[in-house]
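Structure data (TSV, C-alpha atoms) from start.tsv:
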chain	number	residue	atom	x	y	z
K	1	MET	CA	-20.35	1.20	-17.29
K	2	ILE	CA	-17.20	1.33	-15.18
K	3	LYS	CA	-14.56	3.51	-16.81
K	4	ALA	CA	-11.86	3.74	-14.13
K	5	ALA	CA	-10.36	1.72	-11.32
K	6	ILE	CA	-8.30	3.45	-8.64
K	7	PHE	CA	-6.23	1.54	-6.11
K	8	ASP	CA	-4.56	1.90	-2.77
K	9	LEU	CA	-0.98	0.52	-2.68
K	10	ASP	CA	0.04	-0.91	0.71
K	11	GLY	CA	-2.10	-3.86	1.70
K	12	THR	CA	-3.91	-3.80	-1.63
K	13	LEU	CA	-1.39	-4.24	-4.44
K	14	LEU	CA	1.76	-4.52	-2.32
K	15	ASN	CA	1.72	-7.26	0.29
K	16	ARG	CA	3.29	-4.99	2.85
K	17	ASP	CA	3.19	-7.45	5.75
K	18	GLU	CA	5.26	-9.99	3.83
K	19	SER	CA	7.53	-7.27	2.40
K	20	VAL	CA	8.32	-5.99	5.90
K	21	LYS	CA	9.12	-9.49	7.16
K	22	LEU	CA	11.46	-10.06	4.23
K	23	PHE	CA	13.12	-6.67	4.63
K	24	ILE	CA	13.73	-6.89	8.38
K	25	ASP	CA	15.17	-10.41	8.06
K	26	LYS	CA	17.64	-9.21	5.43
K	27	GLN	CA	18.45	-6.06	7.40
K	28	TYR	CA	19.31	-8.20	10.40
K	29	ASP	CA	21.79	-10.16	8.25
K	30	ARG	CA	23.16	-7.04	6.56
K	31	LEU	CA	23.80	-5.23	9.84
K	32	HIS	CA	24.50	-8.27	11.99
K	33	LYS	CA	27.63	-6.81	13.56
K	34	PHE	CA	25.49	-4.04	15.08
K	35	VAL	CA	22.31	-5.96	15.94
K	36	GLY	CA	23.59	-9.52	16.33
K	37	HIS	CA	23.37	-9.31	20.13
K	38	ILE	CA	19.57	-9.24	19.72
K	39	PRO	CA	17.82	-12.52	18.88
K	40	ARG	CA	16.64	-12.36	15.24
K	41	GLU	CA	13.02	-13.14	16.10
K	42	ARG	CA	12.92	-10.52	18.84
K	43	PHE	CA	14.39	-7.82	16.61
K	44	ALA	CA	11.91	-8.58	13.83
K	45	ALA	CA	8.91	-8.81	16.12
K	46	ARG	CA	9.69	-5.51	17.84
K	47	PHE	CA	10.20	-3.72	14.51
K	48	ILE	CA	6.88	-5.01	13.21
K	49	ASP	CA	5.13	-4.01	16.43
K	50	LEU	CA	6.55	-0.48	16.44
K	51	ASP	CA	5.94	-0.06	12.69
K	52	ASN	CA	2.20	-0.51	13.29
K	53	ARG	CA	1.64	-1.70	9.72
K	54	GLY	CA	3.28	1.38	8.26
K	55	TYR	CA	1.39	4.00	10.24
K	56	VAL	CA	4.51	4.99	12.20
K	57	TRP	CA	7.40	6.43	10.19
K	58	LYS	CA	10.65	4.61	10.71
K	59	ASP	CA	12.54	7.48	12.34
K	60	LYS	CA	10.54	6.80	15.51
K	61	VAL	CA	10.81	3.04	15.08
K	62	TYR	CA	14.59	3.04	14.83
K	63	GLN	CA	15.05	5.55	17.64
K	64	GLN	CA	13.04	3.21	19.87
K	65	LEU	CA	14.95	0.12	18.73
K	66	VAL	CA	18.35	1.76	19.32
K	67	ASP	CA	17.25	2.77	22.80
K	68	GLU	CA	15.56	-0.47	23.82
K	69	PHE	CA	18.20	-2.85	22.47
K	70	GLU	CA	21.20	-0.62	23.25
K	71	ILE	CA	22.40	-0.72	19.66
K	72	ASN	CA	25.89	0.74	19.28
K	73	GLY	CA	28.14	1.47	16.33
K	74	ILE	CA	25.30	2.57	14.09
K	75	THR	CA	22.86	5.46	14.52
K	76	TRP	CA	19.11	5.39	14.11
K	77	GLU	CA	19.60	7.76	11.17
K	78	GLU	CA	21.82	5.19	9.44
K	79	LEU	CA	19.29	2.44	10.14
K	80	LEU	CA	16.58	4.65	8.63
K	81	GLN	CA	18.67	5.29	5.52
K	82	ASP	CA	19.17	1.55	5.16
K	83	TYR	CA	15.37	1.13	5.27
K	84	ILE	CA	14.79	3.86	2.72
K	85	GLY	CA	17.43	2.46	0.38
K	86	GLU	CA	16.69	-1.24	0.73
K	87	PHE	CA	12.95	-1.68	1.30
K	88	LYS	CA	12.21	-1.47	-2.43
K	89	ASN	CA	14.32	-4.59	-2.96
K	90	ASN	CA	11.92	-6.58	-0.81
K	91	CYS	CA	8.55	-5.68	-2.32
K	92	VAL	CA	6.19	-8.65	-2.48
K	93	PRO	CA	3.12	-8.27	-4.74
K	94	PHE	CA	-0.21	-9.84	-3.97
K	95	ALA	CA	-1.11	-12.80	-6.15
K	96	ASN	CA	-2.47	-12.06	-9.62
K	97	LEU	CA	-1.45	-8.38	-9.52
K	98	ILE	CA	0.00	-8.14	-13.04
K	99	GLU	CA	-2.65	-10.39	-14.55
K	100	MET	CA	-5.41	-8.24	-13.05
K	101	LEU	CA	-3.88	-5.01	-14.32
K	102	GLU	CA	-3.38	-6.52	-17.78
K	103	THR	CA	-7.04	-7.56	-17.88
K	104	LEU	CA	-8.27	-4.10	-16.89
K	105	LYS	CA	-6.04	-2.44	-19.48
K	106	ARG	CA	-7.42	-4.77	-22.16
K	107	LYS	CA	-10.90	-3.62	-21.10
K	108	LYS	CA	-9.73	-0.03	-21.76
K	109	LEU	CA	-10.20	1.11	-18.17
K	110	LYS	CA	-8.29	4.09	-16.89
K	111	LEU	CA	-6.18	3.13	-13.90
K	112	GLY	CA	-5.17	5.30	-10.96
K	113	MET	CA	-3.50	4.93	-7.60
K	114	ILE	CA	-3.79	6.91	-4.37
K	115	THR	CA	-1.33	6.07	-1.62
K	116	ASN	CA	-0.48	7.72	1.67
K	117	GLY	CA	3.24	7.95	2.34
K	118	ARG	CA	6.54	9.53	1.38
K	119	GLY	CA	6.78	10.50	-2.29
K	120	GLN	CA	10.02	8.95	-3.53
K	121	PHE	CA	9.79	5.99	-1.16
K	122	GLN	CA	6.36	4.98	-2.46
K	123	MET	CA	7.36	5.56	-6.08
K	124	ASP	CA	10.42	3.34	-5.58
K	125	ASN	CA	8.13	0.56	-4.33
K	126	ILE	CA	5.73	1.00	-7.26
K	127	VAL	CA	8.63	0.78	-9.70
K	128	ALA	CA	9.97	-2.28	-7.86
K	129	LEU	CA	6.64	-4.04	-8.39
K	130	GLY	CA	6.93	-3.26	-12.11
K	131	ILE	CA	3.49	-1.67	-12.30
K	132	GLU	CA	4.07	2.07	-12.76
K	133	ASN	CA	3.39	2.00	-16.51
K	134	TYR	CA	-0.08	0.52	-16.06
K	135	PHE	CA	-1.31	3.65	-14.31
K	136	ASP	CA	-2.61	6.84	-15.88
K	137	ALA	CA	-2.36	8.76	-12.59
K	138	ILE	CA	-0.45	8.07	-9.37
K	139	LEU	CA	-1.04	10.31	-6.35
K	140	VAL	CA	1.25	10.05	-3.31
K	141	SER	CA	0.05	12.01	-0.29
K	142	GLU	CA	3.37	13.71	0.51
K	143	ARG	CA	3.59	15.12	-3.02
K	144	GLU	CA	-0.08	16.09	-3.11
K	145	GLY	CA	-0.10	17.83	0.27
K	146	ILE	CA	-3.25	15.94	1.28
K	147	GLN	CA	-3.86	12.35	2.28
K	148	LYS	CA	-6.61	9.80	2.52
K	149	PRO	CA	-9.32	9.91	3.82
K	150	ASP	CA	-9.51	13.58	2.71
K	151	PRO	CA	-12.05	13.58	-0.15
K	152	GLN	CA	-9.93	16.10	-2.05
K	153	ILE	CA	-7.31	13.52	-2.96
K	154	PHE	CA	-9.98	11.24	-4.43
K	155	GLU	CA	-11.53	14.13	-6.35
K	156	ARG	CA	-8.08	15.10	-7.62
K	157	ALA	CA	-7.47	11.58	-8.91
K	158	LEU	CA	-10.84	11.51	-10.68
K	159	GLU	CA	-10.07	14.88	-12.24
K	160	ARG	CA	-6.71	13.68	-13.56
K	161	LEU	CA	-8.34	10.60	-15.05
K	162	ASN	CA	-11.17	12.75	-16.41
K	163	VAL	CA	-13.89	10.43	-15.09
K	164	SER	CA	-16.96	10.83	-12.89
K	165	PRO	CA	-17.10	9.13	-9.49
K	166	ASN	CA	-20.23	7.14	-10.37
K	167	VAL	CA	-18.35	5.26	-13.13
K	168	SER	CA	-15.27	4.63	-10.98
K	169	ILE	CA	-14.32	2.07	-8.38
K	170	PHE	CA	-11.79	2.34	-5.59
K	171	VAL	CA	-10.05	-0.73	-4.20
K	172	GLY	CA	-8.35	-0.64	-0.82
K	173	ASP	CA	-7.77	-2.56	2.40
K	174	HIS	CA	-8.60	0.16	4.94
K	175	PRO	CA	-12.31	0.48	5.85
K	176	VAL	CA	-12.15	4.23	6.54
K	177	ASN	CA	-9.21	5.64	4.58
K	178	ASP	CA	-10.08	3.68	1.45
K	179	VAL	CA	-13.62	2.29	1.29
K	180	GLU	CA	-15.60	4.81	3.32
K	181	ALA	CA	-13.66	7.77	1.90
K	182	ALA	CA	-14.15	6.63	-1.70
K	183	LYS	CA	-17.86	6.03	-1.18
K	184	SER	CA	-18.22	9.50	0.34
K	185	VAL	CA	-17.29	11.08	-3.00
K	186	GLY	CA	-19.63	8.82	-4.96
K	187	MET	CA	-17.29	6.03	-6.02
K	188	ILE	CA	-17.97	2.31	-5.73
K	189	GLY	CA	-15.99	1.06	-2.75
K	190	VAL	CA	-14.30	-2.33	-2.97
K	191	TRP	CA	-12.67	-3.73	0.16
K	192	LYS	CA	-9.71	-6.08	-0.24
K	193	LYS	CA	-10.02	-8.26	2.82
K	194	ASP	CA	-7.57	-7.71	5.63
K	195	PHE	CA	-7.42	-9.83	8.78
K	196	GLN	CA	-7.36	-6.72	10.97
K	197	TRP	CA	-11.04	-5.97	10.33
K	198	SER	CA	-14.07	-8.22	10.20
K	199	ALA	CA	-17.07	-6.08	9.25
K	200	VAL	CA	-16.66	-3.43	6.55
K	201	ASP	CA	-19.42	-1.46	4.82
K	202	ALA	CA	-18.26	-1.94	1.23
K	203	ASP	CA	-20.12	-2.28	-2.05
K	204	PHE	CA	-18.02	-5.35	-2.86
K	205	ILE	CA	-15.48	-7.47	-0.98
K	206	ILE	CA	-12.62	-9.42	-2.56
K	207	ASP	CA	-10.07	-11.88	-1.23
K	208	ASP	CA	-7.99	-11.97	-4.39
K	209	LEU	CA	-7.17	-9.33	-6.99
K	210	ALA	CA	-8.24	-11.78	-9.70
K	211	GLU	CA	-11.85	-11.25	-8.57
K	212	LEU	CA	-11.86	-7.58	-9.53
K	213	PRO	CA	-12.37	-7.83	-13.32
K	214	LEU	CA	-15.40	-10.05	-12.68
K	215	ILE	CA	-16.90	-7.47	-10.33
K	216	ILE	CA	-16.37	-4.70	-12.88
K	217	GLU	CA	-18.01	-6.82	-15.56
K	218	LYS	CA	-20.94	-7.61	-13.24
K	219	VAL	CA	-21.51	-3.93	-12.39
K	220	SER	CA	-21.36	-2.93	-16.04
K	221	VAL	CA	-23.91	-5.58	-17.04
K	222	VAL	CA	-26.31	-4.50	-14.28
K	223	GLU	CA	-26.02	-0.86	-15.34
K	224	GLU	CA	-26.71	-1.75	-18.97
K	225	GLN	CA	-29.84	-3.63	-17.93
K	226	LEU	CA	-31.04	-0.66	-15.88
K	227	PHE	CA	-30.50	1.89	-18.64

Take the structure in the file and write it out as structure tokens.
Amino acid sequence: MIKAAIFDLDGTLLNRDESVKLFIDKQYDRLHKFVGHIPRERFAARFIDLDNRGYVWKDKVYQQLVDEFEINGITWEELLQDYIGEFKNNCVPFANLIEMLETLKRKKLKLGMITNGRGQFQMDNIVALGIENYFDAILVSEREGIQKPDPQIFERALERLNVSPNVSIFVGDHPVNDVEAAKSVGMIGVWKKDFQWSAVDADFIIDDLAELPLIIEKVSVVEEQLF
């Protein structure tokens, strides 16, 4: 019987692609006097390209943008601070996020989260989504000193939840950092589909978070039949 569900954040619970689009559009308006000489679509597209879906920290992104677009009157450091302070106001959840968490809590599952990223920044986004109180353990890589796909961060989460890997599932969008890494420590790996990859070796695949409670129920029934 499944006793715990652990989640990735970006691309799994937080629709980061849509959040970034919303943020950069609002930043363009907010700082128009500094970036207005750049066409809106070009500024947004270049930011998204340099951001590389969150795998490049924004200090490098803004340094590149300031250089390429000859932005004057505002420094890359100030642009970065605007990102840090404002991104949380643009967090877009995936559909059925709260409903799914409510269902799992009603089923008495322990809930955890493991996310790579900056500590306060990621916590601000979690709070903005209104989901922090659903989780029994939240591990952010900067604060933990280790990051996915290191198996230690998965083992640490399981330890904090006081559950064994074989009765736990991990849900994430990255084939290696999430699914493969979770499976390597004995967890059930669930891949939340992402257009960037086509073939992923996962135990289960979901398009929508609403599918997850059904998968957990299915696994639990199968295990009961076996034992």

What are the closest atom pairs, with distances in Å to one decimal, for all residues of region 29-119 of chain K lying within 8 Å of region 200-209 of chain K? Consider only C-alpha atoms, order rows by chain and residue number, and present the result as JSON lines.
{"residue": "K:Phe94", "atom": "CA", "partner": "K:Leu209", "partner_atom": "CA", "distance": 7.6}
{"residue": "K:Ala95", "atom": "CA", "partner": "K:Leu209", "partner_atom": "CA", "distance": 7.0}
{"residue": "K:Asn96", "atom": "CA", "partner": "K:Leu209", "partner_atom": "CA", "distance": 6.0}
{"residue": "K:Leu97", "atom": "CA", "partner": "K:Leu209", "partner_atom": "CA", "distance": 6.3}
{"residue": "K:Met100", "atom": "CA", "partner": "K:Leu209", "partner_atom": "CA", "distance": 6.4}

Against region 79-85 of chain K, which residues of region 101-176 of chain K fall within 10 Å? For each one I want the closest pair of atoms and the distance in Å (one decimal), counting all atoms listed in the file, rows by chain and increasing residue number, as JSON lines.
{"residue": "K:Gln120", "atom": "CA", "partner": "K:Ile84", "partner_atom": "CA", "distance": 9.4}
{"residue": "K:Phe121", "atom": "CA", "partner": "K:Ile84", "partner_atom": "CA", "distance": 6.7}
{"residue": "K:Gln122", "atom": "CA", "partner": "K:Ile84", "partner_atom": "CA", "distance": 10.0}
{"residue": "K:Asp124", "atom": "CA", "partner": "K:Gly85", "partner_atom": "CA", "distance": 9.2}

Let me make sure I understand: among K:Trp191, K:Tyr28, K:Trp197, K:Phe170, which one has the smallest atom-to-atom distance to Phe47 (chain K) if we use all atoms listed in the file?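 For Phe47 (chain K), the nearest of the candidates is K:Tyr28.
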
Extract, using only C-alpha atoms, all DNA, RNA and protein residues at most 10 Å from region 134-138 of chain K, discarding same-chain residues fewer than 4 positions from it, and format them as a list of chain:residue names.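 So the residues in contact are K:Ala4, K:Ala5, K:Ile6, K:Phe7, K:Asp8, K:Ile98, K:Leu101, K:Glu102, K:Leu104, K:Lys105, K:Leu109, K:Lys110, K:Leu111, K:Gly112, K:Met113, K:Ile114, K:Thr115, K:Met123, K:Ile126, K:Gly130, K:Arg156, K:Ala157, K:Leu158, K:Glu159, K:Arg160, K:Leu161.
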
Residues from last step as file, C-alpha atoms, as a short mmCIF file (atom, residue, chain, number, x, y, z; two decimals), in the coordinates of the input:
data_model
loop_
_atom_site.label_atom_id
_atom_site.label_comp_id
_atom_site.auth_asym_id
_atom_site.auth_seq_id
_atom_site.Cartn_x
_atom_site.Cartn_y
_atom_site.Cartn_z
CA ALA K 4 -11.86 3.74 -14.13
CA ALA K 5 -10.36 1.72 -11.32
CA ILE K 6 -8.30 3.45 -8.64
CA PHE K 7 -6.23 1.54 -6.11
CA ASP K 8 -4.56 1.90 -2.77
CA ILE K 98 0.00 -8.14 -13.04
CA LEU K 101 -3.88 -5.01 -14.32
CA GLU K 102 -3.38 -6.52 -17.78
CA LEU K 104 -8.27 -4.10 -16.89
CA LYS K 105 -6.04 -2.44 -19.48
CA LEU K 109 -10.20 1.11 -18.17
CA LYS K 110 -8.29 4.09 -16.89
CA LEU K 111 -6.18 3.13 -13.90
CA GLY K 112 -5.17 5.30 -10.96
CA MET K 113 -3.50 4.93 -7.60
CA ILE K 114 -3.79 6.91 -4.37
CA THR K 115 -1.33 6.07 -1.62
CA MET K 123 7.36 5.56 -6.08
CA ILE K 126 5.73 1.00 -7.26
CA GLY K 130 6.93 -3.26 -12.11
CA ARG K 156 -8.08 15.10 -7.62
CA ALA K 157 -7.47 11.58 -8.91
CA LEU K 158 -10.84 11.51 -10.68
CA GLU K 159 -10.07 14.88 -12.24
CA ARG K 160 -6.71 13.68 -13.56
CA LEU K 161 -8.34 10.60 -15.05
#

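Pairwise distance (CA of Arg40 (chain K), CA of Gln63 (chain K)) equals 18.1 Å.
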
Nearest candidate to Val140 (chain K) (options K:Asn90, K:Gln27, K:Gln152, K:Asn116; using only C-alpha atoms):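 Using only C-alpha atoms, Val140 (chain K) sits closest to K:Asn116.
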
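Across the model, the gap from CA of Thr75 (chain K) to CA of Lys33 (chain K) is 13.2 Å.
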
Take CA of Ile215 (chain K) and CA of Asp150 (chain K) and report the distance between them in Å, one decimal.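 Interatomic distance, CA of Ile215 (chain K) to CA of Asp150 (chain K): 25.8 Å.
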
Which polymer residues have any atom within 9 Å of an atom of Arg53 (chain K), counting only C-alpha atoms, with same-chain residues fewer than 3 positions away left out, as number ranges by chain? K: 16-17, 20, 48-50, 56

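The protein and nucleic acid residues lying at most 10 Å from Val185 (chain K) are Asp150, Pro151, Gln152, Phe154, Glu155, Ser164, Pro165 and Asn166 of chain K, with only C-alpha atoms considered and sequence neighbours fewer than 6 positions away removed.
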
Among listed residues K:Gln147, K:Gln64, K:Asn89, K:Asn52, nearest Phe23 (chain K) (using all atoms listed in the file): K:Asn89

Check the smallest atom-to-atom distance from each of K:Pro175, K:Gly54, K:Gly145, K:Gly36 to Ala199 (chain K) using all atoms listed in the file, then report the winner. K:Pro175

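The shortest atom-to-atom distance to Leu129 (chain K), with all atoms listed in the file taken into account, belongs to K:Leu13 out of K:Leu13, K:Ile2, K:Glu217, K:Arg143.
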
Nearest-residue call for Leu22 (chain K), choices K:Glu180, K:Glu86, K:Glu99, K:Glu78, using only C-alpha atoms: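 Ranking K:Glu180, K:Glu86, K:Glu99, K:Glu78 by distance to Leu22 (chain K), first place goes to K:Glu86.
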